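As stored in target_15.txt (compact mmCIF, C-alpha atoms and all ligand atoms):
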```txt
# COMPACT_ATOMS: atom_id res chain seq x y z
CA MET A 1 54.57 -8.73 52.27
CA THR A 2 52.14 -8.09 55.09
CA ASN A 3 48.73 -6.55 54.37
CA GLU A 4 49.69 -3.50 56.33
CA LEU A 5 52.80 -2.93 54.25
CA PHE A 6 50.77 -3.34 51.10
CA SER A 7 48.19 -0.82 52.22
CA VAL A 8 50.74 1.79 53.30
CA LYS A 9 52.35 1.57 49.86
CA GLN A 10 48.98 1.89 48.16
CA ARG A 11 47.98 4.83 50.27
CA PHE A 12 51.17 6.83 49.73
CA GLY A 13 51.93 5.71 46.17
CA ILE A 14 55.19 4.07 47.21
CA ILE A 15 56.49 1.75 44.51
CA GLY A 16 58.96 -1.10 45.05
CA ASN A 17 59.49 -4.41 46.76
CA ALA A 18 63.13 -4.23 47.79
CA GLU A 19 63.66 -5.84 51.16
CA ALA A 20 65.56 -2.83 52.51
CA LEU A 21 62.67 -0.52 51.58
CA ASN A 22 60.13 -2.88 53.14
CA ASN A 23 62.19 -3.03 56.32
CA ALA A 24 62.42 0.74 56.52
CA LEU A 25 58.65 1.07 56.07
CA GLU A 26 58.01 -1.58 58.71
CA VAL A 27 60.18 0.26 61.21
CA ALA A 28 58.24 3.46 60.43
CA MET A 29 54.90 1.73 61.07
CA ARG A 30 56.10 0.08 64.28
CA VAL A 31 57.49 3.28 65.71
CA ALA A 32 54.53 5.43 64.59
CA PRO A 33 52.28 4.90 67.65
CA THR A 34 55.13 5.77 70.04
CA GLU A 35 56.42 9.24 70.91
CA LEU A 36 59.99 8.50 69.85
CA SER A 37 61.97 10.86 67.65
CA VAL A 38 62.98 9.42 64.31
CA LEU A 39 65.90 10.35 62.08
CA VAL A 40 65.54 9.37 58.42
CA THR A 41 68.82 9.21 56.52
CA GLY A 42 69.63 8.53 52.89
CA GLU A 43 70.98 10.11 49.75
CA SER A 44 69.06 12.83 48.00
CA GLY A 45 66.05 11.57 46.04
CA VAL A 46 65.58 8.21 47.79
CA GLY A 47 62.09 9.03 49.06
CA LYS A 48 62.81 10.17 52.61
CA GLU A 49 59.76 12.42 52.66
CA PHE A 50 57.32 9.51 52.71
CA PHE A 51 58.53 8.39 56.12
CA PRO A 52 57.43 11.28 58.34
CA GLN A 53 54.05 11.20 56.56
CA VAL A 54 53.65 7.49 57.23
CA ILE A 55 54.68 7.96 60.85
CA HIS A 56 52.17 10.78 61.35
CA ALA A 57 49.35 8.92 59.60
CA TYR A 58 49.84 5.80 61.73
CA SER A 59 50.11 7.67 65.02
CA ALA A 60 47.51 8.90 67.49
CA ARG A 61 48.40 12.41 66.29
CA LYS A 62 46.97 11.80 62.85
CA HIS A 63 44.01 14.17 63.32
CA ASN A 64 46.29 16.99 64.41
CA LYS A 65 48.65 19.06 62.31
CA TYR A 66 51.53 17.77 60.24
CA ILE A 67 54.01 20.48 59.29
CA ALA A 68 56.99 19.87 57.00
CA VAL A 69 59.84 22.35 57.29
CA ASN A 70 62.79 22.43 54.93
CA CYS A 71 65.50 23.72 57.24
CA GLY A 72 67.88 24.27 54.32
CA ALA A 73 65.45 26.61 52.54
CA ILE A 74 64.81 29.10 55.35
CA PRO A 75 67.31 31.95 55.75
CA GLU A 76 69.33 31.82 58.95
CA GLY A 77 67.94 35.17 60.11
CA THR A 78 64.32 34.04 60.16
CA ILE A 79 64.47 30.38 61.06
CA ASP A 80 64.03 30.86 64.83
CA SER A 81 60.97 32.99 64.24
CA GLU A 82 59.57 30.49 61.72
CA LEU A 83 59.98 27.59 64.12
CA PHE A 84 59.20 29.25 67.45
CA GLY A 85 57.29 32.42 66.54
CA HIS A 86 58.01 36.02 67.51
CA GLU A 87 56.55 38.95 69.40
CA LYS A 88 55.53 42.20 67.80
CA GLY A 89 58.51 44.55 67.44
CA SER A 90 61.08 41.87 68.25
CA PHE A 91 62.98 42.71 65.06
CA THR A 92 62.64 45.15 62.16
CA GLY A 93 59.63 44.12 60.17
CA ALA A 94 57.95 42.21 63.00
CA ILE A 95 54.79 44.31 62.79
CA ASP A 96 52.68 41.62 64.42
CA SER A 97 53.29 38.77 66.75
CA ARG A 98 53.23 35.39 65.08
CA LYS A 99 52.96 31.73 66.09
CA GLY A 100 55.81 29.45 65.05
CA TYR A 101 55.49 25.92 63.71
CA PHE A 102 56.11 24.37 67.12
CA GLU A 103 53.14 26.27 68.51
CA GLU A 104 50.95 25.59 65.45
CA ALA A 105 51.69 21.89 65.46
CA ASP A 106 50.85 21.37 69.14
CA GLY A 107 49.52 17.82 69.39
CA GLY A 108 50.82 16.97 65.93
CA THR A 109 54.04 16.19 64.07
CA ILE A 110 56.82 18.34 62.63
CA PHE A 111 59.06 17.05 59.88
CA LEU A 112 62.45 18.78 59.92
CA ASP A 113 63.94 18.10 56.51
CA GLU A 114 67.66 18.75 55.97
CA VAL A 115 68.06 19.11 59.71
CA GLY A 116 71.86 19.27 59.31
CA GLU A 117 71.44 22.77 57.88
CA LEU A 118 70.09 24.26 61.12
CA PRO A 119 72.23 27.03 62.59
CA LEU A 120 73.82 26.20 65.95
CA SER A 121 71.71 28.75 67.84
CA THR A 122 68.53 27.13 66.52
CA GLN A 123 69.87 23.71 67.47
CA VAL A 124 69.95 24.90 71.09
CA ARG A 125 66.28 25.91 70.98
CA LEU A 126 65.37 22.66 69.25
CA LEU A 127 67.13 20.56 71.85
CA ARG A 128 65.25 22.34 74.61
CA VAL A 129 61.83 21.83 73.03
CA LEU A 130 62.64 18.16 72.43
CA GLN A 131 63.75 17.58 75.99
CA THR A 132 61.21 19.60 77.93
CA GLY A 133 58.52 20.68 75.45
CA GLU A 134 59.43 24.28 76.35
CA PHE A 135 60.15 27.13 73.98
CA MET A 136 60.06 30.91 73.83
CA ARG A 137 58.97 33.10 70.97
CA VAL A 138 61.70 35.37 69.59
CA GLY A 139 61.62 38.60 71.59
CA SER A 140 59.66 37.10 74.48
CA ALA A 141 60.76 35.96 77.90
CA LYS A 142 57.65 33.88 78.45
CA VAL A 143 58.22 30.14 78.46
CA GLN A 144 55.51 28.22 76.58
CA LYS A 145 54.77 24.52 76.33
CA THR A 146 54.05 22.43 73.28
CA ASN A 147 53.64 18.75 72.55
CA VAL A 148 55.15 17.96 69.17
CA ARG A 149 56.54 14.77 67.71
CA VAL A 150 59.65 15.42 65.63
CA VAL A 151 60.78 13.40 62.64
CA ALA A 152 63.98 14.70 61.07
CA ALA A 153 65.76 13.84 57.83
CA THR A 154 69.23 14.44 56.52
CA ASN A 155 71.26 13.60 53.45
CA ASN A 156 74.36 15.01 55.11
CA ASP A 157 76.91 13.10 56.98
CA LEU A 158 75.87 14.32 60.41
CA MET A 159 78.80 12.58 62.09
CA LYS A 160 81.13 14.70 59.99
CA ALA A 161 79.15 17.83 60.87
CA ILE A 162 79.53 16.90 64.55
CA ALA A 163 83.27 16.38 64.16
CA GLU A 164 83.53 19.79 62.50
CA GLY A 165 81.51 21.48 65.24
CA ARG A 166 78.57 22.33 62.96
CA PHE A 167 76.08 20.03 64.63
CA ARG A 168 75.50 19.40 68.33
CA GLU A 169 76.19 15.85 69.36
CA ASP A 170 73.55 15.90 72.13
CA LEU A 171 70.92 16.99 69.59
CA TYR A 172 72.01 14.24 67.22
CA TYR A 173 71.38 11.56 69.86
CA ARG A 174 68.10 13.15 70.85
CA LEU A 175 66.84 13.17 67.24
CA ASN A 176 68.22 9.79 66.38
CA THR A 177 66.32 7.73 68.94
CA VAL A 178 65.08 5.56 66.09
CA PRO A 179 67.17 5.62 62.90
CA ILE A 180 65.62 4.75 59.56
CA ALA A 181 68.02 4.37 56.65
CA VAL A 182 66.48 4.58 53.20
CA PRO A 183 68.57 2.66 50.66
CA PRO A 184 69.84 4.25 47.43
CA LEU A 185 68.12 3.21 44.21
CA ARG A 186 71.20 1.34 42.94
CA GLU A 187 70.72 -1.05 45.82
CA ARG A 188 67.12 -1.74 44.75
CA LYS A 189 67.81 -2.84 41.20
CA GLY A 190 64.65 -4.91 41.02
CA ASP A 191 62.55 -1.77 41.55
CA ILE A 192 64.13 0.43 38.88
CA TYR A 193 62.11 -0.81 35.90
CA LEU A 194 58.92 -0.85 37.96
CA LEU A 195 59.44 2.79 38.95
CA PHE A 196 60.26 3.83 35.38
CA ARG A 197 57.05 2.25 34.09
CA LYS A 198 55.04 3.95 36.79
CA PHE A 199 56.46 7.41 36.00
CA ALA A 200 56.12 6.89 32.22
CA SER A 201 52.52 5.82 32.63
CA ASP A 202 51.76 8.81 34.90
CA VAL A 203 52.98 11.16 32.16
CA ALA A 204 50.99 9.25 29.55
CA VAL A 205 47.78 9.53 31.55
CA GLN A 206 48.35 13.18 32.37
CA TYR A 207 48.99 14.20 28.77
CA ARG A 208 46.74 11.62 27.11
CA MET A 209 49.36 9.97 24.96
CA PRO A 210 50.75 6.44 24.73
CA ALA A 211 53.37 5.53 27.36
CA VAL A 212 56.96 5.03 26.25
CA THR A 213 58.28 1.49 26.47
CA LEU A 214 61.88 0.33 26.82
CA ASP A 215 63.37 -2.41 24.67
CA GLU A 216 65.54 -5.05 26.32
CA GLY A 217 68.78 -3.17 25.76
CA ALA A 218 67.34 0.01 27.22
CA ARG A 219 66.06 -1.86 30.24
CA ALA A 220 69.54 -3.29 30.85
CA VAL A 221 71.08 0.20 30.65
CA LEU A 222 68.44 1.55 33.01
CA GLU A 223 69.05 -1.18 35.57
CA SER A 224 72.82 -0.94 35.56
CA TYR A 225 72.98 2.84 35.76
CA HIS A 226 74.30 4.41 38.96
CA TRP A 227 71.40 6.82 39.68
CA ARG A 228 73.25 9.30 41.83
CA GLY A 229 70.06 11.37 42.09
CA ASN A 230 68.10 8.23 42.91
CA ILE A 231 64.34 8.12 42.33
CA ARG A 232 64.09 11.86 41.76
CA GLN A 233 66.54 11.49 38.86
CA LEU A 234 64.76 8.41 37.50
CA LYS A 235 61.48 10.29 37.55
CA ASN A 236 63.04 13.23 35.68
CA VAL A 237 64.47 10.93 33.04
CA ALA A 238 61.13 9.16 32.56
CA GLU A 239 59.36 12.51 32.22
CA GLN A 240 61.96 13.96 29.85
CA ILE A 241 61.90 10.94 27.55
CA SER A 242 58.11 10.85 27.56
CA ALA A 243 57.89 14.51 26.64
CA ILE A 244 60.73 14.84 24.18
CA GLU A 245 61.02 11.58 22.25
CA GLU A 246 58.58 11.24 19.37
CA SER A 247 59.11 7.48 19.17
CA ARG A 248 57.39 5.58 21.95
CA ASN A 249 59.88 2.70 21.69
CA ILE A 250 63.02 3.62 23.54
CA THR A 251 66.32 1.92 22.69
CA ALA A 252 69.51 1.83 24.73
CA ASP A 253 71.03 4.52 22.50
CA ILE A 254 68.15 6.89 23.05
CA LEU A 255 68.11 6.25 26.78
CA ARG A 256 71.86 6.89 27.15
CA ARG A 257 71.38 10.43 25.85
CA TYR A 258 69.37 11.17 28.98
CA LEU A 259 71.83 9.67 31.44
CA PRO A 260 74.71 11.94 32.44
CA ASN A 261 78.03 10.16 32.37
CA GLU A 262 78.77 9.42 35.97
CA GLY A 263 82.47 8.80 35.39
CA SER A 264 84.07 6.94 38.22
CA HIS A 265 80.77 5.74 39.75
CA GLN A 266 82.03 6.62 43.18
CA PRO A 267 79.51 6.29 45.93
CA MET A 268 78.27 9.63 47.16
CA THR A 269 79.70 10.69 50.47
CA GLY A 270 79.52 13.82 52.51
CA ASN A 271 77.38 16.72 51.45
CA TYR A 272 75.09 16.11 48.49
CA SER A 273 73.40 19.45 48.57
CA SER A 274 74.88 20.72 45.30
CA LEU A 275 73.63 17.64 43.50
CA TYR A 276 70.30 18.12 45.21
CA ASP A 277 70.13 21.66 43.86
CA ASP A 278 71.07 20.53 40.34
CA MET A 279 68.45 17.85 40.35
CA SER A 280 65.84 20.19 41.67
CA GLU A 281 66.62 22.82 39.08
CA ARG A 282 66.36 20.33 36.27
CA GLU A 283 63.15 19.05 37.78
CA LEU A 284 61.88 22.59 38.02
CA LEU A 285 62.70 23.33 34.39
CA TYR A 286 60.68 20.34 33.28
CA LYS A 287 57.82 21.36 35.47
CA ILE A 288 57.92 24.81 33.89
CA LEU A 289 57.93 23.17 30.48
CA PHE A 290 54.84 21.16 31.31
CA ASP A 291 53.14 24.17 32.85
CA MET A 292 53.89 26.22 29.75
CA ARG A 293 52.30 23.51 27.66
CA ASN A 294 49.17 23.75 29.80
CA ASP A 295 49.17 27.54 29.54
CA ILE A 296 49.46 27.30 25.78
CA ASN A 297 46.53 24.90 25.64
CA ASP A 298 44.49 27.26 27.79
CA LEU A 299 45.40 30.14 25.50
CA LYS A 300 44.44 28.06 22.47
CA ARG A 301 41.11 27.34 24.07
CA MET A 302 40.59 31.03 24.81
CA MET A 303 41.50 31.90 21.21
CA THR A 304 39.13 29.29 19.83
CA ALA A 305 36.35 30.53 22.06
CA ALA A 306 36.99 34.17 21.15
CA MET A 307 37.15 33.36 17.46
CA SER A 308 33.94 31.39 17.55
CA ARG A 309 32.28 34.40 19.11
CA VAL A 310 33.51 36.67 16.31
CA GLN A 311 32.95 34.20 13.50
CA PRO A 312 30.69 31.30 14.44
CA THR A 313 32.38 28.07 13.32
CA GLU A 314 32.73 24.69 14.94
CA ALA A 315 35.20 24.88 17.79
CA GLU A 316 38.41 23.04 16.99
CA PRO A 317 39.05 20.11 19.30
CA VAL A 318 41.85 20.89 21.72
CA ARG A 319 44.99 18.96 20.93
CA HIS A 320 46.86 17.29 23.72
CA ASP A 321 50.11 16.47 22.01
CA VAL A 322 53.05 17.36 24.20
CA VAL A 323 55.50 16.28 21.52
CA GLY A 324 54.34 18.88 19.03
CA LEU A 325 54.96 21.66 21.52
CA LEU A 326 58.44 20.66 22.47
CA PRO A 327 61.67 21.20 20.58
CA PRO A 328 62.31 18.12 18.41
CA SER A 329 64.38 15.34 20.02
CA ALA A 330 66.78 17.47 22.02
CA PRO A 331 67.60 15.85 25.33
CA GLN A 332 68.34 19.18 27.01
CA PRO A 333 65.43 21.58 27.18
CA ARG A 334 65.76 24.67 25.00
CA TYR A 335 63.34 27.47 25.00
CA GLU A 336 63.81 29.09 21.64
CA GLU A 337 61.68 31.90 20.41
CA ASN A 338 61.09 30.17 17.07
CA ALA A 339 59.35 27.35 18.89
CA PHE A 340 56.54 29.88 19.10
CA ALA A 341 57.12 31.45 15.70
CA GLU A 342 53.59 30.60 14.71
CA VAL A 343 52.30 33.04 17.27
CA VAL A 344 55.08 35.59 17.15
CA GLU A 345 55.15 36.51 13.43
CA ASP A 346 52.61 39.10 12.52
CA ASP A 347 53.27 42.63 11.44
CA ASP A 348 50.01 43.34 9.64
CA GLU A 349 48.66 46.78 10.32
CA ARG A 350 44.97 46.49 10.96
CA GLU A 351 42.28 47.81 13.17
CA ILE A 352 42.55 46.54 16.70
CA THR A 353 40.16 43.62 17.11
CA LYS A 354 39.39 41.24 19.93
CA GLU A 355 41.79 38.81 18.31
CA ASP A 356 44.58 41.36 18.41
CA VAL A 357 44.01 41.90 22.09
CA GLN A 358 44.14 38.17 22.73
CA ARG A 359 47.21 37.85 20.57
CA GLU A 360 48.90 40.58 22.58
CA GLN A 361 47.99 38.73 25.79
CA ILE A 362 49.43 35.51 24.43
CA LEU A 363 52.64 37.20 23.37
CA ARG A 364 52.99 38.78 26.76
CA ALA A 365 52.42 35.44 28.49
CA LEU A 366 54.95 33.75 26.26
CA ARG A 367 57.49 36.51 26.76
CA ASN A 368 57.09 36.24 30.51
CA ASN A 369 57.43 32.49 30.38
CA THR A 370 60.50 32.52 28.15
CA THR A 371 62.25 35.17 30.21
CA ALA A 372 61.47 33.30 33.39
CA VAL A 373 62.91 30.14 31.95
CA ARG A 374 65.93 31.66 30.31
CA ARG A 375 67.29 33.68 33.15
CA PRO A 376 66.28 31.85 36.27
CA PRO A 377 67.37 33.88 39.27
CA LYS A 378 69.55 31.34 40.99
CA SER A 379 68.38 31.99 44.52
CA SER A 380 64.66 32.05 43.93
CA LEU A 381 64.97 29.03 41.65
CA SER A 382 66.50 26.90 44.35
CA ARG A 383 63.95 28.08 46.86
CA SER A 384 60.97 27.23 44.74
CA ALA A 385 62.65 24.05 43.55
CA ARG A 386 62.70 22.91 47.11
CA SER A 387 59.03 23.45 47.55
CA ILE A 388 58.29 21.74 44.25
CA ALA A 389 60.37 18.80 45.35
CA ARG A 390 57.86 18.22 48.10
N1 LIG B 1 59.39 4.28 46.29
C1 LIG B 1 58.92 5.32 45.59
N2 LIG B 1 57.83 5.18 44.81
C2 LIG B 1 57.34 6.21 44.09
N3 LIG B 1 57.88 7.44 44.07
C3 LIG B 1 58.97 7.64 44.84
C4 LIG B 1 59.53 6.61 45.64
N4 LIG B 1 60.59 7.11 46.31
C5 LIG B 1 60.70 8.40 45.94
N5 LIG B 1 59.72 8.73 45.06
C6 LIG B 1 59.54 10.04 44.43
O1 LIG B 1 60.84 10.55 44.18
C7 LIG B 1 60.90 11.94 44.44
C8 LIG B 1 61.96 12.22 45.48
O2 LIG B 1 61.52 11.76 46.74
P1 LIG B 1 61.80 12.59 48.09
O3 LIG B 1 61.05 11.97 49.20
O4 LIG B 1 61.55 14.03 47.84
O5 LIG B 1 63.35 12.33 48.24
P2 LIG B 1 64.36 12.83 49.36
O6 LIG B 1 63.57 13.63 50.36
O7 LIG B 1 64.95 11.60 49.92
O8 LIG B 1 65.37 13.66 48.63
C9 LIG B 1 59.50 12.35 44.87
O9 LIG B 1 58.82 12.81 43.72
C10 LIG B 1 58.90 11.06 45.35
O10 LIG B 1 57.50 11.06 45.21
MG MG B 2 63.75 15.75 50.49
```

What does the file become when written as structure tokens?
Amino acid sequence: MTNELFSVKQRFGIIGNAEALNNALEVAMRVAPTELSVLVTGESGVGKEFFPQVIHAYSARKHNKYIAVNCGAIPEGTIDSELFGHEKGSFTGAIDSRKGYFEEADGGTIFLDEVGELPLSTQVRLLRVLQTGEFMRVGSAKVQKTNVRVVAATNNDLMKAIAEGRFREDLYYRLNTVPIAVPPLRERKGDIYLLFRKFASDVAVQYRMPAVTLDEGARAVLESYHWRGNIRQLKNVAEQISAIEESRNITADILRRYLPNEGSHQPMTGNYSSLYDDMSERELLYKILFDMRNDINDLKRMMTAAMSRVQPTEAEPVRHDVVGLLPPSAPQPRYEENAFAEVVEDDDEREITKEDVQREQILRALRNNTTAVRRPPKSSLSRSARSIAR
């Protein structure tokens, strides 16, 4: 491995030594100083988002803006205005004029993630700005100029989208001047265990607890699994096991409980966006779980502080055990009220004290958290999941 490759991995926290990954990174570094458009392809969760960042960081544009846009997450009605800006009064609600990303990022780089999701009308505008650097704000007839490098990514089969008339062929060739294909995790078997250890140790450091370790059987299961959700899925599994399992020694049987049965092990083809959404939602739920744990610790600290003010005693040390706050060894997250029974039960009629006020605040926070987790509004969940996936 060259020094440069080593340092780019260090800098971006990219783990793995698979030849196909190294090649992809080398192409990114070689093409970075040029002005060429790059199209990054690969299944969901393979790590496509590192590539535009590497390209920007190794280009002469590195001191200018880098803007990442998830084309699949912006509603069709507003995407033109997001990308190219709008004039005041150009549509209902346009109370002010606004710069778009292509204007903001002048001199810099724009990453168009899930570019296959762009509506056809936006594809026309994009092609124009790529070819001539010209664009117009929505509701304006004034042609403006910008100098933006575009890196796009897709997990869709763009050729199929072209055949079905959903994606412009001319735009495809314009974006795909330099293709970078990021290999699926199952084709980087040697990296799987390395990545698992990294994610398990990140959780251990973050929550100050010992890292989980895999026995030989578990390692074999991990390495032969299909990983349809790739590294995103592996990361979720490592985080789930670390948070939920009380034992730090993971056997094959334990591990299997966290691996959905992938049935026929067919390679993924076509549109993976529903899998992407599933993975992101699961990821989001675990993030919420971890955040709730932090909130609870904060509340505990507040309680301890308030109590010590009322009744001076030595402050209790704050506990950092994730395990104790999670439902016992259930692979799927459950958010049951009785997990918080300790806080919830109390019907004593007393005078209202500072403690009561705090208790009420805690209950309200917990109620909000549990409702948010139990009935996730599907649309907003996927939207925020996308931003969390960043
Ligand atoms: N080689 C890698 N080393 C460390 N983390 C990785 C690697 N590849 C992907 N990840 C992590 O996996 C998750 C998914 O990566 P992402 O770039 O969002 O995937 P994609 O855009 O291809 O769906 C992110 O949390 C990312 O940091
Ligand atoms: Mg992505």

Find the residues of chain A that sit at most 6 Å from ligand LIG 1 (chain B); for each, write down the nearest two atoms and how far apart they are in Å, to one decimal. Count all atoms listed in the file. Sort by chain, then by number going up, and give it as a Markdown table.
```
| residue | atom | partner | partner_atom | distance |
| --- | --- | --- | --- | --- |
| A:Gly13 | CA | B:LIG1 | C2 | 5.8 |
| A:Ile14 | CA | B:LIG1 | N2 | 3.7 |
| A:Ile15 | CA | B:LIG1 | N2 | 3.7 |
| A:Gly16 | CA | B:LIG1 | N1 | 5.5 |
| A:Ser44 | CA | B:LIG1 | O8 | 3.8 |
| A:Gly45 | CA | B:LIG1 | O8 | 3.4 |
| A:Val46 | CA | B:LIG1 | O7 | 4.1 |
| A:Gly47 | CA | B:LIG1 | O3 | 3.1 |
| A:Lys48 | CA | B:LIG1 | O7 | 3.7 |
| A:Glu49 | CA | B:LIG1 | O3 | 3.7 |
| A:Phe50 | CA | B:LIG1 | O3 | 5.7 |
| A:Ile231 | CA | B:LIG1 | O1 | 4.6 |
| A:Arg232 | CA | B:LIG1 | C7 | 4.2 |
| A:Ala389 | CA | B:LIG1 | O4 | 5.5 |
| A:Arg390 | CA | B:LIG1 | O4 | 5.6 |
```

I'd like the interatomic distance between CA of Ser37 (chain A) and CA of His63 (chain A), to a tenth of an Å.
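Computing it gives 18.8 Å between the two atoms.
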
Selection: 12 Å around Ile67 (chain A), all atoms listed in the file, excl. self and same-chain fewer than 3 positions, as a list in words
Glu49, Pro52, Gln53, His56, Lys62, Asn64, Asn70, Glu82, Leu83, Gly100, Tyr101, Phe102, Glu103, Glu104, Ala105, Asp106, Gly107, Gly108, Thr109, Ile110, Phe111, Leu112, Asp113, Val148, Arg149, Val150, Val151 and Ala152 of chain A

Please check which residues have atoms at most 9 Å from (69.2, 5.8, 63.1) in the file's coordinates, counting all atoms listed in the file, and write them as a compact mmCIF listing (two decimals) with C-alpha atoms, in the frame of the given file.
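Saved to part_30.txt:
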```txt
# COMPACT_ATOMS: atom_id res chain seq x y z
CA VAL A 38 62.98 9.42 64.31
CA LEU A 39 65.90 10.35 62.08
CA VAL A 40 65.54 9.37 58.42
CA THR A 41 68.82 9.21 56.52
CA LEU A 175 66.84 13.17 67.24
CA ASN A 176 68.22 9.79 66.38
CA THR A 177 66.32 7.73 68.94
CA VAL A 178 65.08 5.56 66.09
CA PRO A 179 67.17 5.62 62.90
CA ILE A 180 65.62 4.75 59.56
CA ALA A 181 68.02 4.37 56.65
```

Of the listed residues A:Ala211, A:Tyr193, A:Thr154, A:Pro183, that which approaches ligand MG 2 (chain B) most closely, counting all atoms listed in the file
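Of all the options, A:Thr154 lies closest to ligand MG 2 (chain B).
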
Separation of CA of Gln144 (chain A) and CA of Gly89 (chain A), in Å?
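So the two atoms, CA of Gln144 (chain A) and CA of Gly89 (chain A), lie 19.0 Å apart.
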
Could you work out how far CA of Thr146 (chain A) lies from CA of Gln131 (chain A), giving the answer in Å with one decimal?
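Interatomic distance here is 11.2 Å.
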